[in-house]
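*Asks:* Got work09.cif for you, mmCIF, C-alpha atoms:
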data_run
loop_
_atom_site.group_PDB
_atom_site.id
_atom_site.type_symbol
_atom_site.label_atom_id
_atom_site.label_comp_id
_atom_site.auth_asym_id
_atom_site.auth_seq_id
_atom_site.Cartn_x
_atom_site.Cartn_y
_atom_site.Cartn_z
ATOM 1 C CA GLY G 12 -8.788 -175.673 64.357
ATOM 2 C CA THR G 13 -6.510 -177.646 66.646
ATOM 3 C CA PHE G 14 -2.790 -177.805 67.276
ATOM 4 C CA MET G 15 -0.218 -180.137 68.785
ATOM 5 C CA TYR G 16 3.406 -179.352 69.618
ATOM 6 C CA HIS G 17 6.033 -181.723 70.976
ATOM 7 C CA MET G 18 8.669 -180.244 73.283
ATOM 8 C CA ASP G 19 11.697 -181.583 75.094
ATOM 9 C CA PRO G 20 12.066 -183.588 77.148
ATOM 10 C CA ASN G 21 8.681 -185.328 76.984
ATOM 11 C CA LEU G 22 5.955 -182.673 76.770
ATOM 12 C CA VAL G 23 2.967 -182.456 74.446
ATOM 13 C CA LEU G 24 1.136 -179.144 74.109
ATOM 14 C CA ILE G 25 -2.342 -179.360 72.603
ATOM 15 C CA GLY G 26 -5.198 -176.956 72.078
ATOM 16 C CA MET G 27 -8.351 -176.177 70.162
ATOM 17 C CA VAL G 28 -9.522 -172.886 68.664
ATOM 18 C CA VAL G 29 -13.274 -172.314 68.297
ATOM 19 C CA GLY G 30 -14.586 -169.266 66.456
ATOM 20 C CA LEU G 31 -16.906 -167.310 68.753
ATOM 21 C CA ASP G 32 -19.260 -166.571 65.874
ATOM 22 C CA TYR G 33 -20.766 -170.059 66.253
ATOM 23 C CA GLU G 34 -24.570 -170.219 66.156
ATOM 24 C CA ASN G 35 -25.553 -173.137 68.403
ATOM 25 C CA PRO G 36 -25.803 -172.005 72.068
ATOM 26 C CA HIS G 37 -25.612 -175.647 73.201
ATOM 27 C CA LEU G 38 -21.992 -175.848 72.024
ATOM 28 C CA SER G 39 -19.269 -176.024 74.673
ATOM 29 C CA PRO G 40 -15.754 -175.255 73.407
ATOM 30 C CA TYR G 41 -14.318 -176.932 76.505
ATOM 31 C CA GLN G 42 -16.267 -180.139 75.933
ATOM 32 C CA GLU G 43 -15.373 -180.138 72.236
ATOM 33 C CA PHE G 44 -11.718 -180.041 73.256
ATOM 34 C CA GLN G 45 -12.150 -182.910 75.719
ATOM 35 C CA ARG G 46 -13.904 -185.009 73.087
ATOM 36 C CA TRP G 47 -11.201 -184.261 70.480
ATOM 37 C CA LYS G 48 -8.519 -185.723 72.752
ATOM 38 C CA HIS G 49 -10.132 -189.147 72.381
ATOM 39 C CA HIS G 50 -9.600 -189.225 68.617
ATOM 40 C CA PRO G 51 -7.204 -192.141 67.968
ATOM 41 C CA GLU G 52 -4.664 -189.942 66.154
ATOM 42 C CA VAL G 53 -4.570 -187.582 69.135
ATOM 43 C CA ALA G 54 -4.944 -190.075 71.965
ATOM 44 C CA LYS G 55 -1.869 -192.053 70.886
ATOM 45 C CA HIS G 56 0.309 -189.045 71.713
ATOM 46 C CA LEU G 57 -1.238 -188.629 75.178
ATOM 47 C CA GLU G 58 -1.473 -192.201 76.422
ATOM 48 C CA GLY G 59 0.781 -192.915 79.364
ATOM 49 C CA GLY G 60 1.171 -189.247 80.205
ATOM 50 C CA ARG G 61 -0.538 -187.007 82.727
ATOM 51 C CA CYS G 62 -2.096 -183.579 82.408
ATOM 52 C CA ILE G 63 -0.002 -180.972 84.250
ATOM 53 C CA SER G 64 -1.399 -177.632 83.089
ATOM 54 C CA TYR G 65 -4.539 -176.000 81.714
ATOM 55 C CA GLY G 66 -5.468 -172.570 80.402
ATOM 56 C CA ALA G 67 -7.686 -170.700 77.969
ATOM 57 C CA ARG G 68 -7.874 -167.322 76.282
ATOM 58 C CA ALA G 69 -9.759 -165.488 73.564
ATOM 59 C CA LEU G 70 -7.654 -164.893 70.458
ATOM 60 C CA ASN G 71 -7.709 -161.577 68.633
ATOM 61 C CA GLU G 72 -8.577 -163.000 65.222
ATOM 62 C CA GLY G 73 -9.783 -159.793 63.598
ATOM 63 C CA GLY G 74 -6.441 -159.517 61.862
ATOM 64 C CA TYR G 75 -6.006 -156.963 59.090
ATOM 65 C CA HIS G 76 -9.567 -155.645 59.549
ATOM 66 C CA ALA G 77 -9.277 -154.904 63.240
ATOM 67 C CA ILE G 78 -5.812 -153.442 63.872
ATOM 68 C CA PRO G 79 -6.271 -150.312 66.006
ATOM 69 C CA LYS G 80 -4.197 -147.142 66.128
ATOM 70 C CA LEU G 81 -0.932 -148.489 67.461
ATOM 71 C CA THR G 82 0.446 -145.534 69.400
ATOM 72 C CA PHE G 83 -0.581 -143.167 72.162
ATOM 73 C CA PRO G 84 1.387 -140.656 74.254
ATOM 74 C CA GLY G 85 3.911 -142.639 76.244
ATOM 75 C CA GLY G 86 3.225 -146.067 74.781
ATOM 76 C CA ALA G 87 2.381 -148.393 71.930
ATOM 77 C CA ILE G 88 0.335 -151.547 71.317
ATOM 78 C CA LEU G 89 2.345 -154.586 70.203
ATOM 79 C CA GLY G 90 1.910 -158.254 69.386
ATOM 80 C CA CYS G 91 -1.345 -160.085 69.962
ATOM 81 C CA SER G 92 -2.708 -157.077 71.853
ATOM 82 C CA ALA G 93 -2.715 -155.242 68.525
ATOM 83 C CA GLY G 94 -4.272 -158.175 66.671
ATOM 84 C CA PHE G 95 -1.224 -159.332 64.698
ATOM 85 C CA LEU G 96 -2.286 -162.991 64.917
ATOM 86 C CA ASN G 97 -2.390 -164.919 61.635
ATOM 87 C CA SER G 98 -5.645 -166.790 62.264
ATOM 88 C CA VAL G 99 -5.135 -169.208 59.361
ATOM 89 C CA LYS G 100 -1.876 -170.476 60.846
ATOM 90 C CA ILE G 101 -3.068 -169.954 64.449
ATOM 91 C CA LYS G 102 0.296 -168.304 64.856
ATOM 92 C CA GLY G 103 1.295 -164.906 66.156
ATOM 93 C CA SER G 104 4.670 -165.249 67.868
ATOM 94 C CA HIS G 105 6.584 -164.294 64.706
ATOM 95 C CA THR G 106 4.513 -161.165 64.107
ATOM 96 C CA ALA G 107 4.682 -160.251 67.798
ATOM 97 C CA ILE G 108 8.486 -160.489 67.742
ATOM 98 C CA LYS G 109 8.624 -158.388 64.584
ATOM 99 C CA SER G 110 6.380 -155.722 66.130
ATOM 100 C CA GLY G 111 8.718 -155.603 69.120
ATOM 101 C CA ILE G 112 11.726 -155.115 66.837
ATOM 102 C CA VAL G 113 9.987 -152.366 64.877
ATOM 103 C CA ALA G 114 8.841 -150.661 68.092
ATOM 104 C CA ALA G 115 12.400 -150.709 69.477
ATOM 105 C CA GLU G 116 13.731 -149.157 66.277
ATOM 106 C CA ALA G 117 11.050 -146.452 66.327
ATOM 107 C CA VAL G 118 11.676 -145.666 70.010
ATOM 108 C CA HIS G 119 15.431 -145.486 69.434
ATOM 109 C CA GLU G 120 14.939 -143.024 66.580
ATOM 110 C CA LEU G 121 12.645 -140.924 68.757
ATOM 111 C CA LEU G 122 15.111 -140.857 71.651
ATOM 112 C CA GLN G 123 17.771 -139.537 69.311
ATOM 113 C CA GLN G 124 15.534 -136.584 68.432
ATOM 114 C CA GLN G 125 13.568 -136.078 71.638
ATOM 115 C CA ALA G 126 13.720 -132.718 73.371
ATOM 116 C CA GLU G 127 14.557 -132.927 77.051
ATOM 117 C CA ASP G 128 11.348 -131.153 78.041
ATOM 118 C CA ASP G 129 9.119 -133.523 76.032
ATOM 119 C CA LEU G 130 7.923 -135.877 78.767
ATOM 120 C CA THR G 131 5.144 -137.644 76.818
ATOM 121 C CA PRO G 132 6.547 -138.542 73.423
ATOM 122 C CA GLN G 133 4.403 -140.492 70.991
ATOM 123 C CA VAL G 134 6.230 -142.964 68.774
ATOM 124 C CA SER G 135 4.082 -142.092 65.763
ATOM 125 C CA THR G 136 6.520 -143.627 63.277
ATOM 126 C CA PHE G 137 5.795 -147.082 64.720
ATOM 127 C CA GLN G 138 2.424 -147.069 62.927
ATOM 128 C CA SER G 139 3.871 -146.335 59.489
ATOM 129 C CA LYS G 140 6.806 -148.689 60.003
ATOM 130 C CA MET G 141 4.438 -151.560 60.838
ATOM 131 C CA GLU G 142 2.215 -150.766 57.858
ATOM 132 C CA ASP G 143 5.290 -150.991 55.626
ATOM 133 C CA SER G 144 6.484 -154.264 57.197
ATOM 134 C CA TRP G 145 5.851 -157.834 56.093
ATOM 135 C CA VAL G 146 3.442 -158.223 59.044
ATOM 136 C CA TYR G 147 0.749 -156.137 57.365
ATOM 137 C CA GLU G 148 1.449 -157.848 54.055
ATOM 138 C CA GLU G 149 1.003 -161.294 55.629
ATOM 139 C CA LEU G 150 -2.217 -160.324 57.399
ATOM 140 C CA LYS G 151 -3.645 -158.747 54.251
ATOM 141 C CA GLU G 152 -3.114 -162.006 52.368
ATOM 142 C CA VAL G 153 -5.425 -163.886 54.729
ATOM 143 C CA ARG G 154 -7.915 -161.072 55.430
ATOM 144 C CA ASN G 155 -10.813 -162.897 53.728
ATOM 145 C CA CYS G 156 -10.222 -166.400 55.090
ATOM 146 C CA HIS G 157 -12.456 -165.956 58.132
ATOM 147 C CA GLY G 158 -15.241 -163.966 56.506
ATOM 148 C CA CYS G 159 -15.691 -166.451 53.655
ATOM 149 C CA PHE G 160 -17.098 -169.040 56.071
ATOM 150 C CA GLU G 161 -20.224 -166.870 56.384
ATOM 151 C CA HIS G 162 -21.343 -168.667 53.222
ATOM 152 C CA GLY G 163 -21.020 -172.154 54.742
ATOM 153 C CA LEU G 164 -18.326 -174.695 55.628
ATOM 154 C CA LEU G 165 -17.646 -176.145 52.164
ATOM 155 C CA PRO G 166 -17.647 -172.794 50.294
ATOM 156 C CA GLY G 167 -15.489 -171.384 53.085
ATOM 157 C CA LEU G 168 -12.923 -174.189 52.817
ATOM 158 C CA ILE G 169 -12.749 -173.849 49.034
ATOM 159 C CA TYR G 170 -12.378 -170.077 49.090
ATOM 160 C CA ALA G 171 -9.896 -170.040 52.003
ATOM 161 C CA GLY G 172 -7.722 -172.582 50.186
ATOM 162 C CA ALA G 173 -7.835 -170.615 46.934
ATOM 163 C CA SER G 174 -7.173 -167.315 48.687
ATOM 164 C CA THR G 175 -4.289 -168.695 50.740
ATOM 165 C CA PHE G 176 -2.445 -170.743 48.124
ATOM 166 C CA LEU G 177 -3.429 -169.209 44.773
ATOM 167 C CA LEU G 178 -4.677 -165.635 45.087
ATOM 168 C CA LYS G 179 -2.354 -164.778 47.994
ATOM 169 C CA GLY G 180 -4.824 -162.114 49.128
ATOM 170 C CA LYS G 181 -4.638 -160.215 45.836
ATOM 171 C CA GLU G 182 -8.392 -160.414 45.234
ATOM 172 C CA PRO G 183 -9.745 -156.844 44.794
ATOM 173 C CA TRP G 184 -12.570 -157.357 47.290
ATOM 174 C CA THR G 185 -12.761 -157.706 51.048
ATOM 175 C CA PHE G 186 -15.313 -159.546 53.213
ATOM 176 C CA HIS G 187 -16.361 -157.398 56.141
ATOM 177 C CA ASN G 188 -17.915 -158.648 59.367
ATOM 178 C CA LYS G 189 -21.255 -156.898 59.873
ATOM 179 C CA LYS G 190 -22.314 -158.459 63.205
ATOM 180 C CA HIS G 191 -20.839 -158.909 66.654
ATOM 181 C CA ASP G 192 -20.181 -162.535 67.596
ATOM 182 C CA HIS G 193 -22.849 -162.484 70.311
ATOM 183 C CA GLU G 194 -25.425 -161.397 67.709
ATOM 184 C CA LYS G 195 -24.803 -164.537 65.655
ATOM 185 C CA THR G 196 -25.999 -166.907 68.385
ATOM 186 C CA LYS G 197 -29.340 -168.507 67.500
ATOM 187 C CA PRO G 198 -32.121 -169.201 70.016
ATOM 188 C CA ALA G 199 -31.702 -172.568 71.709
ATOM 189 C CA SER G 200 -35.068 -173.723 70.354
ATOM 190 C CA GLU G 201 -33.736 -173.458 66.799
ATOM 191 C CA CYS G 202 -30.630 -175.582 67.436
ATOM 192 C CA SER G 203 -29.931 -179.227 68.176
ATOM 193 C CA GLU G 204 -28.855 -180.087 71.683
ATOM 194 C CA ILE G 205 -25.323 -181.484 71.939
ATOM 195 C CA HIS G 206 -24.644 -184.428 74.231
ATOM 196 C CA TYR G 207 -21.019 -184.774 75.308
ATOM 197 C CA PRO G 208 -19.453 -187.966 76.722
ATOM 198 C CA LYS G 209 -18.451 -188.035 80.352
ATOM 199 C CA PRO G 210 -14.738 -187.452 81.015
ATOM 200 C CA ASP G 211 -12.707 -190.560 81.747
ATOM 201 C CA GLY G 212 -10.255 -188.855 84.137
ATOM 202 C CA VAL G 213 -7.317 -190.040 82.022
ATOM 203 C CA LEU G 214 -7.436 -188.141 78.730
ATOM 204 C CA SER G 215 -10.470 -185.972 79.421
ATOM 205 C CA PHE G 216 -11.420 -184.195 82.634
ATOM 206 C CA ASP G 217 -14.285 -182.276 84.157
ATOM 207 C CA LEU G 218 -13.871 -178.522 84.003
ATOM 208 C CA LEU G 219 -13.239 -177.813 87.681
ATOM 209 C CA SER G 220 -10.567 -180.515 87.913
ATOM 210 C CA ASN G 221 -8.732 -178.904 85.019
ATOM 211 C CA LEU G 222 -9.245 -175.451 86.494
ATOM 212 C CA THR G 223 -7.087 -176.390 89.488
ATOM 213 C CA ARG G 224 -4.244 -177.052 87.027
ATOM 214 C CA SER G 225 -4.354 -173.415 85.892
ATOM 215 C CA GLY G 226 -3.303 -172.155 89.318
ATOM 216 C CA THR G 227 -5.798 -169.312 89.013
ATOM 217 C CA GLY G 228 -6.588 -167.258 92.072
ATOM 218 C CA HIS G 229 -7.660 -163.784 93.178
ATOM 219 C CA VAL G 230 -7.580 -161.855 96.444
ATOM 220 C CA ASP G 231 -11.005 -162.395 98.008
ATOM 221 C CA ASP G 232 -11.688 -158.801 99.036
ATOM 222 C CA GLN G 233 -10.759 -157.083 95.760
ATOM 223 C CA PRO G 234 -13.445 -155.224 93.758
ATOM 224 C CA ALA G 235 -15.329 -157.513 91.376
ATOM 225 C CA HIS G 236 -13.811 -157.446 87.895
ATOM 226 C CA LEU G 237 -16.853 -159.160 86.342
ATOM 227 C CA THR G 238 -20.095 -157.216 86.630
ATOM 228 C CA ILE G 239 -23.294 -156.640 84.696
ATOM 229 C CA LYS G 240 -23.442 -153.403 82.723
ATOM 230 C CA ASP G 241 -25.704 -150.628 83.969
ATOM 231 C CA GLY G 242 -29.175 -150.918 82.499
ATOM 232 C CA LEU G 243 -28.717 -154.587 81.564
ATOM 233 C CA GLU G 244 -29.204 -156.116 85.009
ATOM 234 C CA ALA G 245 -32.244 -158.090 83.821
ATOM 235 C CA SER G 246 -30.534 -159.517 80.718
ATOM 236 C CA PRO G 247 -29.417 -162.848 82.215
ATOM 237 C CA SER G 248 -32.889 -163.716 83.538
ATOM 238 C CA SER G 249 -34.941 -162.148 80.749
ATOM 239 C CA LEU G 250 -32.790 -162.808 77.669
ATOM 240 C CA SER G 251 -29.830 -165.112 78.089
ATOM 241 C CA TYR G 252 -31.479 -168.034 79.880
ATOM 242 C CA PRO G 253 -35.040 -167.900 78.450
ATOM 243 C CA THR G 254 -33.879 -167.530 74.846
ATOM 244 C CA TYR G 255 -30.428 -169.151 74.732
ATOM 245 C CA LEU G 256 -30.439 -171.407 77.833
ATOM 246 C CA GLY G 257 -27.551 -169.470 79.351
ATOM 247 C CA PRO G 258 -24.682 -170.199 76.937
ATOM 248 C CA GLU G 259 -22.239 -168.445 79.293
ATOM 249 C CA GLN G 260 -22.423 -171.633 81.381
ATOM 250 C CA ARG G 261 -20.932 -173.524 78.435
ATOM 251 C CA PHE G 262 -18.562 -171.123 76.675
ATOM 252 C CA CYS G 263 -16.779 -170.019 79.859
ATOM 253 C CA PRO G 264 -13.666 -172.226 80.255
ATOM 254 C CA ALA G 265 -13.540 -171.642 84.014
ATOM 255 C CA GLY G 266 -17.077 -172.295 85.236
ATOM 256 C CA VAL G 267 -17.516 -168.663 86.268
ATOM 257 C CA TYR G 268 -21.179 -168.451 85.256
ATOM 258 C CA SER G 269 -24.074 -170.556 86.465
ATOM 259 C CA TYR G 270 -27.793 -170.133 87.116
ATOM 260 C CA SER G 271 -29.852 -170.806 90.197
ATOM 261 C CA ASP G 272 -32.791 -173.162 90.227
ATOM 262 C CA ALA G 273 -36.016 -171.620 88.982
ATOM 263 C CA ASP G 274 -38.169 -169.843 91.560
ATOM 264 C CA GLU G 275 -41.963 -170.087 91.694
ATOM 265 C CA SER G 276 -42.299 -167.758 88.715
ATOM 266 C CA GLY G 277 -39.769 -169.734 86.674
ATOM 267 C CA LYS G 278 -37.088 -167.051 86.928
ATOM 268 C CA ARG G 279 -33.442 -168.049 87.294
ATOM 269 C CA ASP G 280 -30.747 -165.764 88.680
ATOM 270 C CA LEU G 281 -27.213 -165.534 87.333
ATOM 271 C CA MET G 282 -24.393 -166.424 89.715
ATOM 272 C CA ILE G 283 -20.866 -165.171 88.995
ATOM 273 C CA SER G 284 -17.858 -166.949 90.541
ATOM 274 C CA ALA G 285 -15.225 -164.364 89.590
ATOM 275 C CA PRO G 286 -12.357 -166.040 91.534
ATOM 276 C CA ASN G 287 -12.452 -168.882 88.976
ATOM 277 C CA CYS G 288 -11.712 -166.493 86.096
ATOM 278 C CA LEU G 289 -8.903 -167.348 83.658
ATOM 279 C CA HIS G 290 -8.960 -163.828 82.147
ATOM 280 C CA CYS G 291 -9.864 -165.141 78.693
ATOM 281 C CA LYS G 292 -12.461 -162.361 78.110
ATOM 282 C CA THR G 293 -14.796 -164.678 76.171
ATOM 283 C CA CYS G 294 -17.759 -163.402 78.194
ATOM 284 C CA ASP G 295 -17.005 -159.882 77.001
ATOM 285 C CA ILE G 296 -17.464 -161.140 73.433
ATOM 286 C CA LYS G 297 -20.116 -163.893 73.392
ATOM 287 C CA THR G 298 -22.593 -163.167 76.219
ATOM 288 C CA PRO G 299 -26.113 -162.606 74.769
ATOM 289 C CA GLY G 300 -26.841 -158.896 74.635
ATOM 290 C CA ASN G 301 -23.193 -158.244 75.597
ATOM 291 C CA TYR G 302 -24.243 -157.570 79.194
ATOM 292 C CA ILE G 303 -20.953 -158.410 80.954
ATOM 293 C CA LYS G 304 -18.486 -155.674 81.856
ATOM 294 C CA TRP G 305 -14.950 -157.080 82.126
ATOM 295 C CA VAL G 306 -12.335 -154.908 83.771
ATOM 296 C CA VAL G 307 -8.740 -155.630 84.714
ATOM 297 C CA PRO G 308 -8.523 -157.308 88.157
ATOM 298 C CA GLU G 309 -5.891 -156.508 90.741
ATOM 299 C CA GLY G 310 -2.330 -157.315 89.748
ATOM 300 C CA GLY G 311 -1.029 -160.761 90.564
ATOM 301 C CA GLY G 312 -4.431 -162.440 90.211
ATOM 302 C CA GLY G 313 -5.504 -164.930 87.587
ATOM 303 C CA PRO G 314 -3.852 -168.027 86.126
ATOM 304 C CA GLN G 315 -0.248 -168.714 87.068
#
As structure tokens, please, write out the structure in this file.

*Replies:*
Amino acid sequence: GTFMYHMDPNLVLIGMVVGLDYENPHLSPYQEFQRWKHHPEVAKHLEGGRCISYGARALNEGGYHAIPKLTFPGGAILGCSAGFLNSVKIKGSHTAIKSGIVAAEAVHELLQQQAEDDLTPQVSTFQSKMEDSWVYEELKEVRNCHGCFEHGLLPGLIYAGASTFLLKGKEPWTFHNKKHDHEKTKPASECSEIHYPKPDGVLSFDLLSNLTRSGTGHVDDQPAHLTIKDGLEASPSSLSYPTYLGPEQRFCPAGVYSYSDADESGKRDLMISAPNCLHCKTCDIKTPGNYIKWVVPEGGGGPQ
């Protein structure tokens, strides 16, 4: 899906959401977004303006199915971090605000009861309070709208419409996701190659030009926050590129991943440009074989 918001005094905020369970490894979410901006109904809102900012992130779209335990000693998980995003509306600010309100109420109640020697309280009532709130009710209503597209685009659209506007999530069944997103990628040989138009430098831009608009940056001598998992060091050269033509080169919105030219044996090595990273975590989700280990970089780094 896509979105467009107009803001004072003369700003237009646009974006595109691409489900990471897509099958074709030739697909580039970034290029799809650039191409979409040239649609006449979109372009008319952008003409005469200039691009001033760029960013990307992976959305927690698991919703009702994927909400974790919300509390732990000394803290709680709120907002989009907990997966309170309504993926049908591509909207999560209202549920995030509500989770903050509920958390504050639960913490206040705990502070009224807390013993002075209890240094690591757990706000356990936050979990039950959220489960009883309208947030869980809203997410339950749309719990099947993503899974129904497993049966195809048209059946998915029909079912999602019926579930959203008629059934209101009251159907007695639930569609469960049985595969990780990276497992749904098909070999490149089984999919059609996608040819994207060149950017015009006015409405659409090459990736690295847009990356400079994110203001991303990291201290050069910090430990690498993007590494290959132990035991999977050969995955890029033996699995990702030979079978899928290195889709990490296309799904990464920051140009972090690229491959060297083939050596005499035909092998290509993965090159990781971690300083480019926008902290979207897409590679932690979609990389073939799930070989990337993403850890939190030093504070202050990343997009600004």

*Asks:* Could you pull the residues within 10 Å of Arg261 of chain G, counting all atoms listed in the file, minus those fewer than 5 positions along the same chain, as a ChimeraX atom specification?

*Replies:* /G:36-42,256,266-269

*Asks:* In Å to one decimal, how far is atom CA of Lys102 of chain G from atom CA of Tyr16 of chain G?

*Replies:*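 Atom-to-atom, atom CA of Tyr16 of chain G to atom CA of Lys102 of chain G, that is 12.4 Å.
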
*Asks:* Sorted by chain and rising residue number, list the residues of segment 123-226 of chain G at most 12 Å from segment 282-289 of chain G (counting only C-alpha atoms), each with its closest atom pair and distance in Å to one decimal, as a tab-separated table.

*Replies:*
residue	atom	partner	partner_atom	distance
G:Leu218	CA	G:Asn287	CA	10.9
G:Leu219	CA	G:Asn287	CA	9.1
G:Ser220	CA	G:Asn287	CA	11.8
G:Asn221	CA	G:Asn287	CA	11.4
G:Leu222	CA	G:Asn287	CA	7.7
G:Thr223	CA	G:Asn287	CA	9.2
G:Arg224	CA	G:Leu289	CA	11.3
G:Ser225	CA	G:Leu289	CA	7.9
G:Gly226	CA	G:Leu289	CA	9.3

*Asks:* Starting from the PyMOL selection byres ((chain G and resi 35) around 9), expand the selection into actual residues of this file and give them as a PDB file with C-alpha atoms, in the coordinates of the input.

*Replies:*
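Saved as selection_5.pdb:
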ATOM      1  CA  TYR G  33     -20.766-170.059  66.253  1.00  0.00           C
ATOM      2  CA  GLU G  34     -24.570-170.219  66.156  1.00  0.00           C
ATOM      3  CA  PRO G  36     -25.803-172.005  72.068  1.00  0.00           C
ATOM      4  CA  HIS G  37     -25.612-175.647  73.201  1.00  0.00           C
ATOM      5  CA  LEU G  38     -21.992-175.848  72.024  1.00  0.00           C
ATOM      6  CA  THR G 196     -25.999-166.907  68.385  1.00  0.00           C
ATOM      7  CA  LYS G 197     -29.340-168.507  67.500  1.00  0.00           C
ATOM      8  CA  PRO G 198     -32.121-169.201  70.016  1.00  0.00           C
ATOM      9  CA  ALA G 199     -31.702-172.568  71.709  1.00  0.00           C
ATOM     10  CA  GLU G 201     -33.736-173.458  66.799  1.00  0.00           C
ATOM     11  CA  CYS G 202     -30.630-175.582  67.436  1.00  0.00           C
ATOM     12  CA  SER G 203     -29.931-179.227  68.176  1.00  0.00           C
ATOM     13  CA  GLU G 204     -28.855-180.087  71.683  1.00  0.00           C
ATOM     14  CA  TYR G 255     -30.428-169.151  74.732  1.00  0.00           C
TER      15      TYR G 255
END

*Asks:* If the PyMOL selection byres ((chain G and resi 106-109) around 7) is run on the structure shown, which residues does it catch, given as a ChimeraX atom specification?

*Replies:* /G:89-91,95,103-105,110-113,146

*Asks:* Identify which of the residues G:Val28, G:Cys263, G:Leu243, G:Leu250 lies closest to Tyr302 of chain G, counting only C-alpha atoms when measuring atom-to-atom distances.

*Replies:*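 Nearest to Tyr302 of chain G: G:Leu243.
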
*Asks:* Pull the neighbourhood of (-33.9, -168.5, 87.4) for me: all residues within 12 Å in file coordinates, counting only C-alpha atoms, as a ChimeraX atom specification.

*Replies:* /G:245-253,256-257,269-282

*Asks:* Counting only C-alpha atoms, which residue out of G:Ile303, G:Pro314, G:Leu81, G:Asn21 sits closest to Leu57 of chain G?

*Replies:*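 Result for the nearest residue to Leu57 of chain G: G:Asn21.
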
*Asks:* Grab the atom CA of Thr136 of chain G to atom CA of Thr82 of chain G distance for me, in Å with one decimal place.

*Replies:*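 The value is 8.8 Å.
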